[in-house]
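Student: My structure is in input-v9.tsv, and what it holds is TSV, C-alpha atoms:
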```
chain	number	residue	atom	x	y	z
O	59	MET	CA	22.53	120.18	77.01
O	60	GLY	CA	22.51	123.80	75.96
O	61	ALA	CA	22.13	126.99	77.92
O	62	GLU	CA	18.48	126.47	78.83
O	63	PRO	CA	17.94	124.75	82.20
O	64	LEU	CA	16.27	121.37	82.07
O	65	SER	CA	12.62	121.08	83.04
O	66	ASP	CA	11.54	118.73	85.81
O	67	GLY	CA	10.41	116.23	83.18
O	68	GLU	CA	13.74	116.32	81.37
O	69	ARG	CA	15.69	116.07	84.60
O	70	ALA	CA	13.64	113.03	85.58
O	71	VAL	CA	14.36	111.29	82.28
O	72	VAL	CA	18.07	112.19	82.34
O	73	ALA	CA	18.43	110.97	85.93
O	74	ALA	CA	16.66	107.71	85.10
O	75	ALA	CA	18.70	107.35	81.89
O	76	GLU	CA	21.95	107.80	83.80
O	77	SER	CA	20.82	105.16	86.29
O	78	GLU	CA	20.07	102.76	83.45
O	79	ALA	CA	23.43	103.46	81.78
O	80	ARG	CA	25.25	102.73	85.03
O	81	LYS	CA	23.33	99.48	85.53
O	82	LEU	CA	24.70	98.41	82.15
O	83	ARG	CA	28.18	99.84	82.92
O	84	HIS	CA	28.09	102.05	79.84
O	85	ASP	CA	30.45	105.00	79.57
O	86	ARG	CA	28.15	107.51	77.87
O	87	LEU	CA	24.51	108.54	77.81
O	88	GLY	CA	22.85	107.69	74.51
O	89	THR	CA	19.36	107.78	73.03
O	90	GLU	CA	18.89	104.17	74.12
O	91	HIS	CA	19.36	105.20	77.74
O	92	LEU	CA	16.90	108.08	77.35
O	93	LEU	CA	14.38	105.56	76.00
O	94	LEU	CA	14.98	103.35	79.05
O	95	GLY	CA	14.58	106.44	81.23
O	96	VAL	CA	11.15	107.09	79.73
O	97	LEU	CA	10.18	103.44	80.21
O	98	SER	CA	11.28	103.52	83.85
O	99	ARG	CA	8.40	105.91	84.64
O	100	PRO	CA	5.44	103.60	83.92
O	101	ASP	CA	2.69	105.93	85.12
O	102	GLU	CA	3.57	108.72	82.67
O	103	PRO	CA	2.12	109.10	79.16
O	104	GLY	CA	5.28	108.13	77.27
O	105	ALA	CA	5.72	104.80	79.03
O	106	ARG	CA	1.97	104.10	78.95
O	107	ALA	CA	1.90	104.68	75.19
O	108	LEU	CA	4.91	102.43	74.69
O	109	ALA	CA	3.40	99.70	76.90
O	110	LYS	CA	0.24	99.76	74.80
O	111	LEU	CA	2.43	99.03	71.78
O	112	GLY	CA	4.20	96.19	73.58
O	113	VAL	CA	7.41	98.00	74.60
O	114	THR	CA	8.34	97.68	78.28
O	115	LEU	CA	11.42	98.27	80.38
O	116	GLY	CA	12.82	94.80	81.08
O	117	PRO	CA	12.94	93.42	77.53
O	118	THR	CA	14.16	96.75	76.13
O	119	ARG	CA	16.97	96.89	78.67
O	120	ALA	CA	17.97	93.34	77.71
O	121	GLN	CA	17.98	94.34	74.04
O	122	VAL	CA	20.21	97.35	74.77
O	123	MET	CA	22.55	95.04	76.65
O	124	ARG	CA	22.61	92.63	73.72
O	125	ILE	CA	23.45	95.37	71.20
O	126	VAL	CA	25.79	97.58	73.22
O	127	GLY	CA	27.20	94.95	75.56
O	128	LEU	CA	27.90	94.75	79.27
O	129	PRO	CA	31.45	95.98	79.97
O	130	GLU	CA	33.52	94.48	82.76
O	131	THR	CA	34.33	97.86	84.34
O	132	PRO	CA	31.82	100.24	85.97
O	133	SER	CA	30.69	103.48	84.36
O	134	PRO	CA	32.93	106.54	84.86
O	135	PRO	CA	31.91	109.17	87.44
O	136	ALA	CA	30.57	111.47	84.71
O	137	LEU	CA	28.64	110.26	81.67
O	138	THR	CA	29.00	112.27	78.46
O	139	GLN	CA	25.86	112.63	76.37
O	140	THR	CA	26.10	111.51	72.76
O	141	PRO	CA	25.31	114.13	70.09
O	142	MET	CA	21.98	112.44	69.31
O	143	ALA	CA	21.01	112.37	72.98
O	144	ARG	CA	21.79	116.09	73.28
O	145	SER	CA	19.81	116.76	70.12
O	146	ALA	CA	16.80	114.85	71.45
O	147	LEU	CA	16.85	116.74	74.74
O	148	GLY	CA	17.12	119.99	72.81
O	149	GLY	CA	14.17	119.01	70.61
O	150	ALA	CA	11.92	118.09	73.54
O	151	LEU	CA	10.94	121.73	74.05
O	152	ARG	CA	9.79	121.97	70.44
O	153	GLU	CA	7.66	118.85	70.96
O	154	ALA	CA	6.11	120.41	74.07
O	155	ILE	CA	5.32	123.66	72.24
O	156	GLU	CA	3.79	121.79	69.30
O	157	ALA	CA	1.59	119.91	71.79
O	158	GLY	CA	0.45	123.21	73.29
O	159	GLU	CA	2.35	122.71	76.54
O	160	THR	CA	4.54	125.23	78.33
O	161	THR	CA	6.82	122.75	80.11
O	162	VAL	CA	8.67	119.67	78.88
O	163	ALA	CA	7.48	116.29	80.18
O	164	THR	CA	8.90	112.82	79.68
O	165	GLU	CA	6.64	112.11	76.71
O	166	HIS	CA	8.11	115.10	74.87
O	167	VAL	CA	11.57	113.59	75.27
O	168	LEU	CA	10.21	110.35	73.78
O	169	LEU	CA	8.71	112.19	70.81
O	170	ALA	CA	11.96	114.08	70.29
O	171	LEU	CA	13.80	110.75	70.20
O	172	LEU	CA	11.69	109.76	67.18
O	173	ARG	CA	13.24	112.61	65.20
O	174	GLU	CA	16.72	111.06	65.65
O	175	ARG	CA	16.08	108.55	62.88
O	176	ASP	CA	19.58	107.02	62.90
O	177	SER	CA	19.68	106.59	66.68
O	178	LEU	CA	19.74	103.36	68.62
O	179	ALA	CA	16.49	104.34	70.34
O	180	VAL	CA	14.69	104.46	66.99
O	181	ARG	CA	16.29	101.16	65.99
O	182	LEU	CA	15.01	99.56	69.20
O	183	LEU	CA	11.51	100.85	68.57
O	184	ARG	CA	11.61	99.78	64.93
O	185	ASP	CA	12.81	96.29	65.89
O	186	ALA	CA	9.88	96.11	68.32
O	187	GLY	CA	7.50	96.85	65.46
O	188	VAL	CA	6.58	100.36	66.61
O	189	ASP	CA	5.37	102.75	63.93
O	190	PRO	CA	6.40	106.35	64.78
O	191	ARG	CA	3.08	107.82	63.67
O	192	THR	CA	1.14	105.31	65.74
O	193	LEU	CA	3.35	106.04	68.75
O	194	ARG	CA	2.69	109.76	68.42
O	195	GLU	CA	-1.04	109.08	68.36
O	196	GLU	CA	-0.78	106.85	71.44
O	197	VAL	CA	1.27	109.47	73.31
O	198	ALA	CA	-1.34	112.14	72.53
O	199	SER	CA	-4.11	109.82	73.72
O	200	ALA	CA	-2.24	108.91	76.91
O	201	ALA	CA	-1.39	112.54	77.65
O	202	ALA	CA	-5.04	113.55	77.30
O	203	ALA	CA	-6.18	111.16	80.04
O	204	PRO	CA	-4.79	110.43	83.51
O	205	ALA	CA	-3.31	107.04	84.24
O	206	SER	CA	-6.11	104.52	84.65
O	207	ALA	CA	-6.22	102.28	87.67
O	208	PRO	CA	-5.16	99.20	85.65
O	209	ALA	CA	-2.22	101.12	84.15
O	210	ALA	CA	-1.15	102.40	87.53
O	211	ALA	CA	-1.46	98.91	88.98
O	212	ALA	CA	0.60	97.50	86.13
O	213	GLY	CA	3.25	100.12	86.79
O	214	SER	CA	3.31	99.22	90.47
O	215	GLU	CA	3.67	95.56	89.61
O	216	ALA	CA	6.52	96.34	87.25
O	217	LEU	CA	8.29	98.30	89.94
O	218	ALA	CA	7.65	95.55	92.45
O	219	GLY	CA	9.17	93.10	89.98
O	220	ASP	CA	12.23	95.32	89.73
O	221	ASP	CA	12.56	95.41	93.52
O	222	ALA	CA	12.19	91.67	93.82
O	223	GLY	CA	14.58	91.12	90.94
O	224	ALA	CA	12.44	88.32	89.54
O	225	GLY	CA	10.97	89.25	86.16
O	226	LEU	CA	13.49	92.00	85.49
O	227	GLY	CA	16.39	89.86	86.64
O	228	ALA	CA	15.32	87.09	84.29
O	229	HIS	CA	15.25	89.47	81.33
O	230	VAL	CA	18.69	90.78	82.26
O	231	LEU	CA	20.03	87.23	82.41
O	232	LEU	CA	18.60	86.55	78.96
O	233	GLY	CA	20.35	89.67	77.70
O	234	VAL	CA	23.67	88.53	79.15
O	235	LEU	CA	23.30	85.07	77.61
O	236	ALA	CA	22.39	86.56	74.23
O	237	ALA	CA	25.36	88.94	74.32
O	238	GLY	CA	27.84	86.10	74.89
O	239	GLY	CA	31.32	86.67	76.25
O	240	PRO	CA	32.83	85.98	79.68
O	241	ALA	CA	29.69	86.87	81.63
O	242	ALA	CA	27.57	84.45	79.58
O	243	ASP	CA	30.22	81.74	79.92
O	244	LEU	CA	30.22	82.20	83.69
O	245	LEU	CA	26.43	81.88	83.87
O	246	ARG	CA	26.42	78.74	81.75
O	247	ALA	CA	29.22	77.24	83.86
O	248	HIS	CA	26.89	77.56	86.86
O	249	GLY	CA	23.97	75.95	85.05
O	250	VAL	CA	22.21	79.21	84.15
O	251	ASP	CA	21.12	78.93	80.52
O	252	GLU	CA	18.11	80.00	78.45
O	253	ALA	CA	16.07	77.02	79.62
O	254	ALA	CA	16.70	77.80	83.28
O	255	VAL	CA	15.81	81.46	82.83
O	256	GLY	CA	12.68	80.49	80.89
O	257	ALA	CA	11.60	78.34	83.83
O	258	LEU	CA	12.10	81.35	86.12
O	259	LEU	CA	9.89	83.52	83.91
O	260	ARG	CA	7.15	80.87	83.97
O	261	ARG	CA	7.07	80.77	87.76
O	262	PRO	CA	3.84	82.22	89.29
```
Using structure tokens, write down the structure from this file.

Tutor:
Amino acid sequence: MGAEPLSDGERAVVAAAESEARKLRHDRLGTEHLLLGVLSRPDEPGARALAKLGVTLGPTRAQVMRIVGLPETPSPPALTQTPMARSALGGALREAIEAGETTVATEHVLLALLRERDSLAVRLLRDAGVDPRTLREEVASAAAAPASAPAAAAGSEALAGDDAGAGLGAHVLLGVLAAGGPAADLLRAHGVDEAAVGALLRRP
């Protein structure tokens, strides 16, 4: 992470990213986990900009699970950052300076991720149809205005869904089924397939 201490914004993203990595039992911290960390803070400009472009936490987490997998063993006590993740965190300060800010916030980490063109985070955004230039414009717009009441309410609902395990849990199940392997076989053996999960998502 370099000699410079992390800002509050960077620490928040890294802590959230580590939490996401451990939920997926991954053994290192990659750009995909930093992206999930940004998305896990729905009231902040980065997540609000992504949400406006159709990128939200649950489906993105399921996509990461599909691509990277869901190991059988838990994450190790310490997660090593991948070179691209370290590079993105290092580039967040440059993004903040270019935006005229003196401290690094979560949206600057997101913008720094865009510079890692061969990273999984960029692949996830590209697969979701996100244009980097458009995302930069949306981040600038979101950063210039406080979270609106509807956005804040949407964030609260998303968090409530996480706590209840309903919408988020359904997306996670879809990710497990898509990834295949022993976990998917176990779910199917208990009657949990795509149709069953789809019915859960359609519940009011």

Student: I'd like the contact shell of Val126 of chain O - 10 Å cut-off, all atoms listed in the file, skipping same-chain residues fewer than 5 positions apart - returned as number ranges by chain.

Tutor: O: 82, 84, 90, 120-121, 178, 237

Student: Given the choices O:Arg144, O:Arg175, O:Arg119, O:Arg99, which gets closest to Leu64 of chain O if the distance is worked out from all atoms listed in the file?

Tutor: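 Closest residue, counting all atoms listed in the file: O:Arg144.
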
Student: Name the closest residue to Leu168 of chain O among the candidates O:Asp66, O:Glu102, O:Asp185, O:Glu130; distances are taken between atoms, counting only C-alpha atoms.

Tutor: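 That would be O:Glu102, the residue with the smallest distance to Leu168 of chain O.
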
Student: Would you mind telling me which residue in O:Arg69, O:Glu196, O:Arg191, O:Leu87 lies nearest to Pro134 of chain O when using only C-alpha atoms?

Tutor: O:Leu87

Student: Counting only C-alpha atoms, which of O:Leu92, O:Val197, O:Leu151, O:Ala146 gets nearest to Arg106 of chain O?

Tutor: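 Smallest separation from Arg106 of chain O among the options: O:Val197.
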
Student: Which distance in Å separates atom CA of Leu172 of chain O and atom CA of Val72 of chain O, to one decimal?

Tutor: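 These atoms are spaced 16.6 Å apart.
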
Student: What is the atom CA of Glu159 of chain O to atom CA of Arg194 of chain O distance in Å?

Tutor: 15.3 Å

Student: Mind pulling up the distance from atom CA of Leu193 of chain O to atom CA of Pro103 of chain O?

Tutor: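 Taking atom CA of Pro103 of chain O and atom CA of Leu193 of chain O, their separation equals 10.9 Å.
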
Student: Kindly compute an axis-aligned box around the listed atoms of segment 157-167 of chain O, allowing 6 Å on each side, and express its centre and edge lengths in Å to one decimal as AutoDock Vina command-line options.

Tutor:
```
--center_x 6.0 --center_y 118.7 --center_z 76.0 --size_x 23.1 --size_y 25.1 --size_z 20.4
```

Student: Do you know which residues are at most 8 Å from Val113 of chain O counting only C-alpha atoms, after dropping those on the same chain fewer than 5 positions away, and could you put them as an MDAnalysis selection string?

Tutor: chainID O and resid 108 118 183 186

Student: Keeping only C-alpha atoms, write those residues as a compact mmCIF listing (two decimals), keeping the file's coordinate frame.

Tutor:
```txt
# COMPACT_ATOMS: atom_id res chain seq x y z
CA LEU O 108 4.91 102.43 74.69
CA THR O 118 14.16 96.75 76.13
CA LEU O 183 11.51 100.85 68.57
CA ALA O 186 9.88 96.11 68.32
```

Student: Between O:Leu128, O:Leu111, O:Ala150, O:Leu137, which is the closest to Thr164 of chain O once you count all atoms listed in the file?

Tutor: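 Checking each of O:Leu128, O:Leu111, O:Ala150, O:Leu137 against Thr164 of chain O, counting all atoms listed in the file, the winner is O:Ala150.
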
Student: For Asp176 of chain O, which of O:Ile125, O:Leu147, O:Thr89, O:Thr160 is the closest residue, counting only C-alpha atoms?

Tutor: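 Nearest candidate to Asp176 of chain O out of O:Ile125, O:Leu147, O:Thr89, O:Thr160: O:Thr89.
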